[in-house]
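Here is the structure we will look at, set down as structure tokens.
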Amino acid sequence: MTTDTSREELDAVVVGAGFAGMYMLYQLRDVLGLSARVFEAGDDVGGTWYWNRYPGARCDSESYLYCYSFDKDLAQEWTWSGKYPEQPEILRYLSHVADRFDLRRGIQFETRVTAAHFREDLNRWEIETDQGDRVLARYFITGVGCISAGQVPEIEGLENFEGEWHHTGAWPHEGVDFAGKRVGVIGTGSSGVQAIPVIARQADHLTVFQRTPQYTVPARHGTVTPEFLEEVKEQYDEIFEKTRFSAGGTPYGEPERSALDVDDEERRDIYEAAWEEGGFRFLLTTFSDIRIDRRANDTAAEFIRSKIRETIDDPETAEKLLPRDHPFGSKRTLIDTNYYETYNRDNVDLVDIRHAPIEEITANGLRTRDGEYDLDVIVFATGYDGMTGAFNKIDIRGRGGERLKEKWAEGPRAYLGLSPAGFPNMFMITGPGSPSVLSNMPPTIEQHVEYISDFVAYMREHDLETAEAEAGAEAEWVDHVNQTASETLYMLADSWYLGANIPGKPRVFMPYAGGLDVYREKCDEIAAAGYEGYVLRSRESVEA
Ligand code: NA7
């Protein structure tokens, strides 16, 4: 970075124009009246939904909950087409929001932030982009997404492959033509499970390479009617209120009964009803303890295994698909449409790469320890360097030139998952250590954006120059995040929540598992106490 001070000055720079960055811009510019700019790598708004264009890409949260709640008219005027929105529909929604609030004017597209350094001499963030921009800003706010840094595993020989390959999170805008092709999909997480049934219908042949069998629950897209979605609008005030004060960002309510307090028949009936209704309700609304008690969890896991055995015609394939090595819900619960049924198709094969790993990608396909597979297209549904990957791509430095990446070498640290100590006036929307990916994202994002916006307003009102998390408050919060996670079943799976999917990444549970409701209360208390846990400096004290 240069030391020349002839740069444009803004109140705030925001990184990313997804759900988070768009709402942050609205708050900063239209509510607080500040000068703010969003830098966005894509050529339009959408964030995750801009990049994830793979076949079958769909949100797992119900459409009427996967939207902003901050503007009543917006909620009333937008009509979703069904239970879960597909990627193009979410993108249309976000585009509509951008038009409605004239957001694009504040967004610089096709521009990637490469560096952000806190200049102690100026008390400003100096931000650089790959387009040559150099900007000074009082606030540096990230809306970079929790699962945006895609990972293509380092498998020997990929450069020799003569076919086409794509990662689900960087899908070509023009789509991929699978007709008449032999396709291999590596990975059976949310993206793989959504893409596999659709690719199977288009391709000549599909081979799925599975490392870990997972639990997936049918979405049942058809169970929501347009009439229901209209009725929802009449109840939106109540629904949004419940959502805001819920653990998982939904209005479903918490189940009260233990799975161990009912007899086998009643338990099966409850699971069956939730299975028929589909989606996250199976995890969230059946029993109070399936996410915390291993024996209770086993009942849900066994129910799903019984469904897999019932659905799959070939017992050997069914056996390969049975998840056994981790509890249900300890990895991100998957929601699917015809996933297991797809393995009954003649043109689909399942290859277990846990026991016979991929050894090499060849010119014509790939080779596992047990066999060779000729492929025209390889789809990497291999996930993301979650929660921290997008931060590590930017050269972020705080006081004394400390690099965020180094601060986080043993795992991410930030007060409330929002403010890393030593990085004044930096805020991370849905950063590691906040509820983020364990809640329905839009309400979680709104909570953070509103907290930041209120904080910035407070700073202006009190003529404060910088706000910086105290190291002690940060340490206490990080301990609390770890302690909360240690009491859950999340610790029993090799998930991306724990960084286990990235070779060499420290094994630390990154999201906050205490619930959005508890987290919101904590943030509100901190704000009411004059932003306890932050060192607040006025201009005079900074200059002294
Ligand atoms: P996920 O959920 O991280 O799934 C990635 C899948 O790819 C999973 O099945 C992995 O197996 C597999 N994988 C990852 N690396 C490898 C290698 N090296 N070899 C073979 N297989 C591999 O990513 P998604 O994109 O599906 O979903 C991300 C989030 O988006 C999801 O959680 C939702 O929040 C939405 P593993 O299970 O690690 O053995």
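Following the order of the structure tokens, chains are lettered A, B, ..., residues in each are numbered from 1, and ligands are numbered from 1.
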Within 6 Å of ligand 1 (only C-alpha atoms and all ligand atoms), residues as a ChimeraX atom specification: /A:153,186-192,211-212,332,381-384,496,501
Can I get the selection written as a PDB file, in the first residue's frame, with N, CA, C and O atoms?
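Listing of result_33.pdb after writing:
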```pdb
ATOM      1  N   PRO A 153     -10.627 -29.550  -4.538  1.00  0.00           N
ATOM      2  CA  PRO A 153      -9.539 -30.270  -3.867  1.00  0.00           C
ATOM      3  C   PRO A 153      -8.335 -30.471  -4.774  1.00  0.00           C
ATOM      4  O   PRO A 153      -8.477 -30.557  -5.995  1.00  0.00           O
ATOM      5  N   ILE A 186     -18.429 -34.981  -7.879  1.00  0.00           N
ATOM      6  CA  ILE A 186     -17.683 -35.289  -6.658  1.00  0.00           C
ATOM      7  C   ILE A 186     -18.283 -34.440  -5.542  1.00  0.00           C
ATOM      8  O   ILE A 186     -18.314 -33.212  -5.647  1.00  0.00           O
ATOM      9  N   GLY A 187     -18.780 -35.106  -4.501  1.00  0.00           N
ATOM     10  CA  GLY A 187     -19.346 -34.363  -3.378  1.00  0.00           C
ATOM     11  C   GLY A 187     -20.842 -34.548  -3.271  1.00  0.00           C
ATOM     12  O   GLY A 187     -21.572 -34.448  -4.269  1.00  0.00           O
ATOM     13  N   THR A 188     -21.283 -34.824  -2.053  1.00  0.00           N
ATOM     14  CA  THR A 188     -22.711 -35.052  -1.813  1.00  0.00           C
ATOM     15  C   THR A 188     -23.181 -34.234  -0.613  1.00  0.00           C
ATOM     16  O   THR A 188     -23.870 -34.740   0.275  1.00  0.00           O
ATOM     17  N   GLY A 189     -22.755 -32.959  -0.563  1.00  0.00           N
ATOM     18  CA  GLY A 189     -23.306 -32.029   0.424  1.00  0.00           C
ATOM     19  C   GLY A 189     -24.544 -31.370  -0.171  1.00  0.00           C
ATOM     20  O   GLY A 189     -25.149 -31.893  -1.119  1.00  0.00           O
ATOM     21  N   SER A 190     -24.917 -30.202   0.331  1.00  0.00           N
ATOM     22  CA  SER A 190     -26.144 -29.530  -0.145  1.00  0.00           C
ATOM     23  C   SER A 190     -26.122 -29.334  -1.653  1.00  0.00           C
ATOM     24  O   SER A 190     -27.126 -29.574  -2.341  1.00  0.00           O
ATOM     25  N   SER A 191     -24.967 -28.881  -2.183  1.00  0.00           N
ATOM     26  CA  SER A 191     -24.911 -28.578  -3.615  1.00  0.00           C
ATOM     27  C   SER A 191     -25.022 -29.859  -4.434  1.00  0.00           C
ATOM     28  O   SER A 191     -25.801 -29.927  -5.403  1.00  0.00           O
ATOM     29  N   GLY A 192     -24.260 -30.896  -4.060  1.00  0.00           N
ATOM     30  CA  GLY A 192     -24.300 -32.164  -4.791  1.00  0.00           C
ATOM     31  C   GLY A 192     -25.690 -32.771  -4.769  1.00  0.00           C
ATOM     32  O   GLY A 192     -26.224 -33.198  -5.804  1.00  0.00           O
ATOM     33  N   ARG A 211     -17.843 -39.339  -0.600  1.00  0.00           N
ATOM     34  CA  ARG A 211     -16.883 -39.617   0.473  1.00  0.00           C
ATOM     35  C   ARG A 211     -17.623 -39.958   1.772  1.00  0.00           C
ATOM     36  O   ARG A 211     -17.296 -40.925   2.434  1.00  0.00           O
ATOM     37  N   THR A 212     -18.639 -39.128   2.107  1.00  0.00           N
ATOM     38  CA  THR A 212     -19.381 -39.392   3.354  1.00  0.00           C
ATOM     39  C   THR A 212     -20.873 -39.457   3.051  1.00  0.00           C
ATOM     40  O   THR A 212     -21.437 -38.487   2.542  1.00  0.00           O
ATOM     41  N   ARG A 332     -24.381 -29.910   8.173  1.00  0.00           N
ATOM     42  CA  ARG A 332     -25.542 -29.150   7.713  1.00  0.00           C
ATOM     43  C   ARG A 332     -26.590 -30.122   7.156  1.00  0.00           C
ATOM     44  O   ARG A 332     -26.281 -30.940   6.284  1.00  0.00           O
ATOM     45  N   ALA A 381     -18.647 -30.600  -6.503  1.00  0.00           N
ATOM     46  CA  ALA A 381     -19.608 -30.093  -5.511  1.00  0.00           C
ATOM     47  C   ALA A 381     -18.927 -30.244  -4.159  1.00  0.00           C
ATOM     48  O   ALA A 381     -19.483 -30.812  -3.215  1.00  0.00           O
ATOM     49  N   THR A 382     -17.697 -29.757  -4.105  1.00  0.00           N
ATOM     50  CA  THR A 382     -16.807 -30.064  -2.988  1.00  0.00           C
ATOM     51  C   THR A 382     -16.751 -28.970  -1.923  1.00  0.00           C
ATOM     52  O   THR A 382     -15.891 -29.020  -1.038  1.00  0.00           O
ATOM     53  N   GLY A 383     -17.648 -28.029  -1.996  1.00  0.00           N
ATOM     54  CA  GLY A 383     -17.820 -27.103  -0.888  1.00  0.00           C
ATOM     55  C   GLY A 383     -16.862 -25.925  -0.849  1.00  0.00           C
ATOM     56  O   GLY A 383     -16.275 -25.532  -1.859  1.00  0.00           O
ATOM     57  N   TYR A 384     -16.699 -25.419   0.357  1.00  0.00           N
ATOM     58  CA  TYR A 384     -16.094 -24.099   0.549  1.00  0.00           C
ATOM     59  C   TYR A 384     -15.114 -24.077   1.716  1.00  0.00           C
ATOM     60  O   TYR A 384     -15.231 -24.867   2.654  1.00  0.00           O
ATOM     61  N   TRP A 496     -17.694 -28.707   7.573  1.00  0.00           N
ATOM     62  CA  TRP A 496     -17.051 -27.428   7.243  1.00  0.00           C
ATOM     63  C   TRP A 496     -17.271 -26.411   8.348  1.00  0.00           C
ATOM     64  O   TRP A 496     -16.522 -25.442   8.467  1.00  0.00           O
ATOM     65  N   ASN A 501     -13.091 -29.822   6.390  1.00  0.00           N
ATOM     66  CA  ASN A 501     -13.021 -30.145   4.954  1.00  0.00           C
ATOM     67  C   ASN A 501     -11.795 -29.537   4.274  1.00  0.00           C
ATOM     68  O   ASN A 501     -11.540 -29.814   3.105  1.00  0.00           O
TER      69      ASN A 501
END
```
Which residues are close to region 362-368 of chain A, i.e. within 8 Å by only C-alpha atoms, leaving aside same-chain residues fewer than 5 positions away? Reply as a PDB file with all heavy atoms, in the first residue's frame.
```pdb
ATOM      1  N   GLY A 157      -3.383 -34.304 -11.288  1.00  0.00           N
ATOM      2  CA  GLY A 157      -3.729 -34.521 -12.695  1.00  0.00           C
ATOM      3  C   GLY A 157      -4.884 -33.699 -13.244  1.00  0.00           C
ATOM      4  O   GLY A 157      -5.210 -33.812 -14.425  1.00  0.00           O
ATOM      5  N   LEU A 158      -5.483 -32.837 -12.414  1.00  0.00           N
ATOM      6  CA  LEU A 158      -6.640 -32.075 -12.917  1.00  0.00           C
ATOM      7  C   LEU A 158      -6.289 -31.300 -14.187  1.00  0.00           C
ATOM      8  O   LEU A 158      -7.098 -31.191 -15.111  1.00  0.00           O
ATOM      9  CB  LEU A 158      -7.176 -31.139 -11.818  1.00  0.00           C
ATOM     10  CG  LEU A 158      -8.374 -30.272 -12.175  1.00  0.00           C
ATOM     11  CD1 LEU A 158      -9.564 -31.117 -12.638  1.00  0.00           C
ATOM     12  CD2 LEU A 158      -8.804 -29.395 -11.008  1.00  0.00           C
ATOM     13  N   ASN A 160      -4.584 -32.187 -16.532  1.00  0.00           N
ATOM     14  CA  ASN A 160      -4.525 -33.051 -17.732  1.00  0.00           C
ATOM     15  C   ASN A 160      -5.902 -33.412 -18.275  1.00  0.00           C
ATOM     16  O   ASN A 160      -6.014 -33.998 -19.353  1.00  0.00           O
ATOM     17  CB  ASN A 160      -3.784 -34.366 -17.407  1.00  0.00           C
ATOM     18  CG  ASN A 160      -2.380 -34.100 -16.904  1.00  0.00           C
ATOM     19  OD1 ASN A 160      -1.751 -33.142 -17.338  1.00  0.00           O
ATOM     20  ND2 ASN A 160      -1.912 -34.922 -15.977  1.00  0.00           N
ATOM     21  N   PHE A 161      -6.941 -33.105 -17.502  1.00  0.00           N
ATOM     22  CA  PHE A 161      -8.288 -33.529 -17.900  1.00  0.00           C
ATOM     23  C   PHE A 161      -8.703 -32.836 -19.201  1.00  0.00           C
ATOM     24  O   PHE A 161      -8.626 -31.611 -19.299  1.00  0.00           O
ATOM     25  CB  PHE A 161      -9.267 -33.207 -16.764  1.00  0.00           C
ATOM     26  CG  PHE A 161     -10.669 -33.655 -17.031  1.00  0.00           C
ATOM     27  CD1 PHE A 161     -10.940 -34.984 -17.349  1.00  0.00           C
ATOM     28  CD2 PHE A 161     -11.734 -32.761 -16.965  1.00  0.00           C
ATOM     29  CE1 PHE A 161     -12.247 -35.407 -17.590  1.00  0.00           C
ATOM     30  CE2 PHE A 161     -13.031 -33.162 -17.212  1.00  0.00           C
ATOM     31  CZ  PHE A 161     -13.285 -34.495 -17.524  1.00  0.00           C
ATOM     32  N   GLU A 162      -9.141 -33.630 -20.164  1.00  0.00           N
ATOM     33  CA  GLU A 162      -9.470 -33.048 -21.472  1.00  0.00           C
ATOM     34  C   GLU A 162     -10.936 -32.656 -21.599  1.00  0.00           C
ATOM     35  O   GLU A 162     -11.345 -32.064 -22.590  1.00  0.00           O
ATOM     36  CB  GLU A 162      -9.059 -34.034 -22.583  1.00  0.00           C
ATOM     37  CG  GLU A 162      -7.544 -34.042 -22.742  1.00  0.00           C
ATOM     38  CD  GLU A 162      -7.035 -35.099 -23.711  1.00  0.00           C
ATOM     39  OE1 GLU A 162      -7.866 -35.848 -24.284  1.00  0.00           O
ATOM     40  OE2 GLU A 162      -5.800 -35.187 -23.871  1.00  0.00           O
ATOM     41  N   GLY A 163     -11.732 -33.033 -20.585  1.00  0.00           N
ATOM     42  CA  GLY A 163     -13.144 -32.631 -20.618  1.00  0.00           C
ATOM     43  C   GLY A 163     -13.328 -31.276 -19.951  1.00  0.00           C
ATOM     44  O   GLY A 163     -12.385 -30.506 -19.801  1.00  0.00           O
ATOM     45  N   ILE A 353     -15.890 -43.303  -2.379  1.00  0.00           N
ATOM     46  CA  ILE A 353     -14.467 -42.909  -2.402  1.00  0.00           C
ATOM     47  C   ILE A 353     -13.899 -42.742  -0.987  1.00  0.00           C
ATOM     48  O   ILE A 353     -12.777 -42.285  -0.826  1.00  0.00           O
ATOM     49  CB  ILE A 353     -14.213 -41.634  -3.249  1.00  0.00           C
ATOM     50  CG1 ILE A 353     -15.130 -40.491  -2.823  1.00  0.00           C
ATOM     51  CG2 ILE A 353     -14.330 -41.943  -4.731  1.00  0.00           C
ATOM     52  CD1 ILE A 353     -14.718 -39.145  -3.403  1.00  0.00           C
ATOM     53  N   ALA A 356     -12.224 -46.284  -1.316  1.00  0.00           N
ATOM     54  CA  ALA A 356     -11.326 -46.343  -2.476  1.00  0.00           C
ATOM     55  C   ALA A 356     -11.188 -44.924  -3.024  1.00  0.00           C
ATOM     56  O   ALA A 356     -11.878 -44.526  -3.968  1.00  0.00           O
ATOM     57  CB  ALA A 356     -11.900 -47.272  -3.542  1.00  0.00           C
ATOM     58  N   PRO A 357     -10.313 -44.119  -2.404  1.00  0.00           N
ATOM     59  CA  PRO A 357     -10.234 -42.694  -2.753  1.00  0.00           C
ATOM     60  C   PRO A 357      -9.818 -42.430  -4.205  1.00  0.00           C
ATOM     61  O   PRO A 357      -9.224 -43.299  -4.855  1.00  0.00           O
ATOM     62  CB  PRO A 357      -9.158 -42.152  -1.811  1.00  0.00           C
ATOM     63  CG  PRO A 357      -8.978 -43.174  -0.752  1.00  0.00           C
ATOM     64  CD  PRO A 357      -9.371 -44.483  -1.345  1.00  0.00           C
ATOM     65  N   TYR A 373     -12.784 -44.344 -14.421  1.00  0.00           N
ATOM     66  CA  TYR A 373     -14.096 -43.847 -14.843  1.00  0.00           C
ATOM     67  C   TYR A 373     -13.889 -42.834 -15.960  1.00  0.00           C
ATOM     68  O   TYR A 373     -13.226 -41.812 -15.752  1.00  0.00           O
ATOM     69  CB  TYR A 373     -14.825 -43.201 -13.652  1.00  0.00           C
ATOM     70  CG  TYR A 373     -15.032 -44.202 -12.539  1.00  0.00           C
ATOM     71  CD1 TYR A 373     -14.043 -44.404 -11.570  1.00  0.00           C
ATOM     72  CD2 TYR A 373     -16.176 -44.983 -12.479  1.00  0.00           C
ATOM     73  CE1 TYR A 373     -14.194 -45.345 -10.576  1.00  0.00           C
ATOM     74  CE2 TYR A 373     -16.350 -45.932 -11.476  1.00  0.00           C
ATOM     75  CZ  TYR A 373     -15.349 -46.110 -10.530  1.00  0.00           C
ATOM     76  OH  TYR A 373     -15.508 -47.060  -9.560  1.00  0.00           O
ATOM     77  N   ASP A 374     -14.453 -43.134 -17.148  1.00  0.00           N
ATOM     78  CA  ASP A 374     -14.342 -42.198 -18.269  1.00  0.00           C
ATOM     79  C   ASP A 374     -15.416 -41.122 -18.131  1.00  0.00           C
ATOM     80  O   ASP A 374     -16.601 -41.435 -17.970  1.00  0.00           O
ATOM     81  CB  ASP A 374     -14.534 -42.953 -19.599  1.00  0.00           C
ATOM     82  CG  ASP A 374     -13.298 -43.795 -19.933  1.00  0.00           C
ATOM     83  OD1 ASP A 374     -12.246 -43.567 -19.293  1.00  0.00           O
ATOM     84  OD2 ASP A 374     -13.396 -44.683 -20.796  1.00  0.00           O
ATOM     85  N   LEU A 375     -14.986 -39.882 -18.223  1.00  0.00           N
ATOM     86  CA  LEU A 375     -15.931 -38.773 -17.998  1.00  0.00           C
ATOM     87  C   LEU A 375     -15.706 -37.660 -19.016  1.00  0.00           C
ATOM     88  O   LEU A 375     -14.565 -37.385 -19.392  1.00  0.00           O
ATOM     89  CB  LEU A 375     -15.724 -38.179 -16.599  1.00  0.00           C
ATOM     90  CG  LEU A 375     -15.880 -39.148 -15.415  1.00  0.00           C
ATOM     91  CD1 LEU A 375     -15.385 -38.503 -14.132  1.00  0.00           C
ATOM     92  CD2 LEU A 375     -17.338 -39.585 -15.266  1.00  0.00           C
ATOM     93  N   ASP A 376     -16.820 -37.020 -19.411  1.00  0.00           N
ATOM     94  CA  ASP A 376     -16.720 -35.835 -20.273  1.00  0.00           C
ATOM     95  C   ASP A 376     -16.753 -34.555 -19.434  1.00  0.00           C
ATOM     96  O   ASP A 376     -16.216 -33.527 -19.839  1.00  0.00           O
ATOM     97  CB  ASP A 376     -17.878 -35.798 -21.271  1.00  0.00           C
ATOM     98  CG  ASP A 376     -17.931 -37.073 -22.110  1.00  0.00           C
ATOM     99  OD1 ASP A 376     -16.896 -37.410 -22.719  1.00  0.00           O
ATOM    100  OD2 ASP A 376     -18.988 -37.737 -22.126  1.00  0.00           O
ATOM    101  N   ILE A 378     -16.636 -33.085 -15.248  1.00  0.00           N
ATOM    102  CA  ILE A 378     -16.521 -33.320 -13.800  1.00  0.00           C
ATOM    103  C   ILE A 378     -17.111 -32.111 -13.080  1.00  0.00           C
ATOM    104  O   ILE A 378     -16.758 -30.959 -13.373  1.00  0.00           O
ATOM    105  CB  ILE A 378     -15.055 -33.511 -13.341  1.00  0.00           C
ATOM    106  CG1 ILE A 378     -14.430 -34.728 -14.053  1.00  0.00           C
ATOM    107  CG2 ILE A 378     -14.984 -33.714 -11.824  1.00  0.00           C
ATOM    108  CD1 ILE A 378     -12.951 -34.951 -13.710  1.00  0.00           C
TER     109      ILE A 378
END
```
Tell me which protein, DNA and RNA residues are within 10 Å of Glu230 (chain A), counting only C-alpha atoms, leaving out same-chain ones fewer than 6 positions away, and put them as a short mmCIF file (atom, residue, chain, number, x, y, z; two decimals) with all heavy atoms, in the first residue's frame.
```cif
data_model
loop_
_atom_site.label_atom_id
_atom_site.label_comp_id
_atom_site.auth_asym_id
_atom_site.auth_seq_id
_atom_site.Cartn_x
_atom_site.Cartn_y
_atom_site.Cartn_z
N TYR A 64 -41.00 -17.67 1.99
CA TYR A 64 -41.60 -16.53 2.70
C TYR A 64 -40.75 -16.10 3.89
O TYR A 64 -41.00 -15.06 4.49
CB TYR A 64 -43.04 -16.84 3.10
CG TYR A 64 -43.22 -17.81 4.25
CD1 TYR A 64 -43.41 -17.35 5.55
CD2 TYR A 64 -43.22 -19.17 4.03
CE1 TYR A 64 -43.59 -18.23 6.60
CE2 TYR A 64 -43.39 -20.07 5.08
CZ TYR A 64 -43.57 -19.59 6.36
OH TYR A 64 -43.74 -20.47 7.41
N GLN A 76 -44.84 -7.03 1.15
CA GLN A 76 -46.20 -7.20 0.60
C GLN A 76 -46.19 -7.29 -0.93
O GLN A 76 -46.99 -8.00 -1.52
CB GLN A 76 -47.10 -6.03 1.02
CG GLN A 76 -47.45 -6.04 2.50
CD GLN A 76 -48.15 -7.31 2.94
OE1 GLN A 76 -48.98 -7.86 2.23
NE2 GLN A 76 -47.79 -7.81 4.12
N THR A 79 -44.06 -11.57 -4.54
CA THR A 79 -44.77 -12.85 -4.41
C THR A 79 -43.87 -13.99 -4.87
O THR A 79 -43.40 -13.98 -6.01
CB THR A 79 -46.07 -12.82 -5.24
OG1 THR A 79 -46.86 -11.75 -4.75
CG2 THR A 79 -46.84 -14.13 -5.10
N TRP A 80 -43.64 -14.94 -3.98
CA TRP A 80 -42.82 -16.10 -4.33
C TRP A 80 -43.66 -17.11 -5.09
O TRP A 80 -44.87 -17.18 -4.91
CB TRP A 80 -42.25 -16.75 -3.06
CG TRP A 80 -41.29 -15.87 -2.31
CD1 TRP A 80 -41.54 -15.15 -1.18
CD2 TRP A 80 -39.92 -15.60 -2.65
NE1 TRP A 80 -40.42 -14.45 -0.80
CE2 TRP A 80 -39.42 -14.72 -1.68
CE3 TRP A 80 -39.07 -16.03 -3.68
CZ2 TRP A 80 -38.09 -14.25 -1.71
CZ3 TRP A 80 -37.76 -15.57 -3.71
CH2 TRP A 80 -37.29 -14.69 -2.74
#
```
Write out as a count of residues only all residues of region 208-405 of chain A that backbone DSSP assigns to strand (DSSP E or B). 34
Contact table region 400-430 of chain A vs region 385-395 of chain A, cut-off 10 Å, shortest pair per residue, only C-alpha atoms, as JSON lines:
```
{"residue": "A:Arg403", "atom": "CA", "partner": "A:Asp395", "partner_atom": "CA", "distance": 7.2}
{"residue": "A:Leu404", "atom": "CA", "partner": "A:Asn392", "partner_atom": "CA", "distance": 7.7}
{"residue": "A:Lys405", "atom": "CA", "partner": "A:Asn392", "partner_atom": "CA", "distance": 5.7}
{"residue": "A:Glu406", "atom": "CA", "partner": "A:Asn392", "partner_atom": "CA", "distance": 9.4}
{"residue": "A:Trp408", "atom": "CA", "partner": "A:Thr388", "partner_atom": "CA", "distance": 8.6}
{"residue": "A:Gly411", "atom": "CA", "partner": "A:Thr388", "partner_atom": "CA", "distance": 8.7}
{"residue": "A:Pro412", "atom": "CA", "partner": "A:Thr388", "partner_atom": "CA", "distance": 7.2}
{"residue": "A:Met428", "atom": "CA", "partner": "A:Phe391", "partner_atom": "CA", "distance": 9.7}
{"residue": "A:Thr430", "atom": "CA", "partner": "A:Met387", "partner_atom": "CA", "distance": 8.6}
```
Need the shell around Ile199 (chain A): protein/DNA/RNA residues with any atom at most 12 Å away, counting only C-alpha atoms. Skip same-chain ones fewer than 5 positions apart. Format as a ChimeraX atom specification? /A:54-57,175-185,191-194,204-208,338-339,342,345,347-348,377-379
Put those residues in a file: C-alpha atoms, as a PDB file, in the first residue's frame.
```pdb
ATOM      1  CA  TYR A  54     -25.610 -25.004 -10.832  1.00  0.00           C
ATOM      2  CA  PRO A  55     -28.604 -27.112 -11.920  1.00  0.00           C
ATOM      3  CA  GLY A  56     -31.080 -27.548  -9.095  1.00  0.00           C
ATOM      4  CA  ALA A  57     -29.660 -24.691  -6.998  1.00  0.00           C
ATOM      5  CA  GLY A 175     -25.051 -23.143 -18.167  1.00  0.00           C
ATOM      6  CA  VAL A 176     -23.506 -26.511 -18.960  1.00  0.00           C
ATOM      7  CA  ASP A 177     -24.909 -28.839 -21.586  1.00  0.00           C
ATOM      8  CA  PHE A 178     -24.914 -32.359 -20.154  1.00  0.00           C
ATOM      9  CA  ALA A 179     -26.858 -33.982 -23.014  1.00  0.00           C
ATOM     10  CA  GLY A 180     -25.166 -37.146 -24.260  1.00  0.00           C
ATOM     11  CA  LYS A 181     -22.314 -36.723 -21.771  1.00  0.00           C
ATOM     12  CA  ARG A 182     -20.740 -38.916 -19.138  1.00  0.00           C
ATOM     13  CA  VAL A 183     -20.718 -36.808 -16.011  1.00  0.00           C
ATOM     14  CA  GLY A 184     -18.996 -37.274 -12.665  1.00  0.00           C
ATOM     15  CA  VAL A 185     -20.112 -35.379  -9.573  1.00  0.00           C
ATOM     16  CA  SER A 191     -24.911 -28.578  -3.615  1.00  0.00           C
ATOM     17  CA  GLY A 192     -24.300 -32.164  -4.791  1.00  0.00           C
ATOM     18  CA  VAL A 193     -27.602 -33.400  -3.438  1.00  0.00           C
ATOM     19  CA  GLN A 194     -29.471 -30.639  -5.269  1.00  0.00           C
ATOM     20  CA  ASP A 204     -26.200 -39.810 -20.705  1.00  0.00           C
ATOM     21  CA  HIS A 205     -24.588 -41.255 -17.604  1.00  0.00           C
ATOM     22  CA  LEU A 206     -23.848 -39.938 -14.127  1.00  0.00           C
ATOM     23  CA  THR A 207     -21.323 -41.282 -11.659  1.00  0.00           C
ATOM     24  CA  VAL A 208     -21.517 -39.877  -8.137  1.00  0.00           C
ATOM     25  CA  ASN A 338     -35.727 -36.973  -5.500  1.00  0.00           C
ATOM     26  CA  TYR A 339     -32.168 -37.493  -4.313  1.00  0.00           C
ATOM     27  CA  THR A 342     -32.140 -40.903  -8.448  1.00  0.00           C
ATOM     28  CA  ARG A 345     -32.140 -44.805 -12.445  1.00  0.00           C
ATOM     29  CA  ASN A 347     -27.900 -44.202 -15.878  1.00  0.00           C
ATOM     30  CA  VAL A 348     -26.657 -43.449 -12.340  1.00  0.00           C
ATOM     31  CA  VAL A 377     -17.606 -33.440 -17.444  1.00  0.00           C
ATOM     32  CA  ILE A 378     -16.521 -33.320 -13.800  1.00  0.00           C
ATOM     33  CA  VAL A 379     -18.612 -31.323 -11.356  1.00  0.00           C
TER      34      VAL A 379
END
```
Which of region 145-370 of chain A end up as helix (DSSP H, G or I) when DSSP is run on this backbone - answer as a PyMOL selection string? chain A and resi 158-160+168-170+190-202+221-223+226-234+236-244+264-277+281-284+294-311+315-321+339-342
Would you mind reading off the distance between CA of Ile335 (chain A) and CA of Pro197 (chain A), one decimal, in Å?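 Separation of CA of Ile335 (chain A) and CA of Pro197 (chain A): 12.4 Å.
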Selected residue of minimal separation from Leu516 (chain A) among A:Glu446, A:Glu470, A:Asp370, A:Glu476, counting only C-alpha atoms: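 Of A:Glu446, A:Glu470, A:Asp370, A:Glu476, the one nearest Leu516 (chain A) is A:Glu446, counting only C-alpha atoms.
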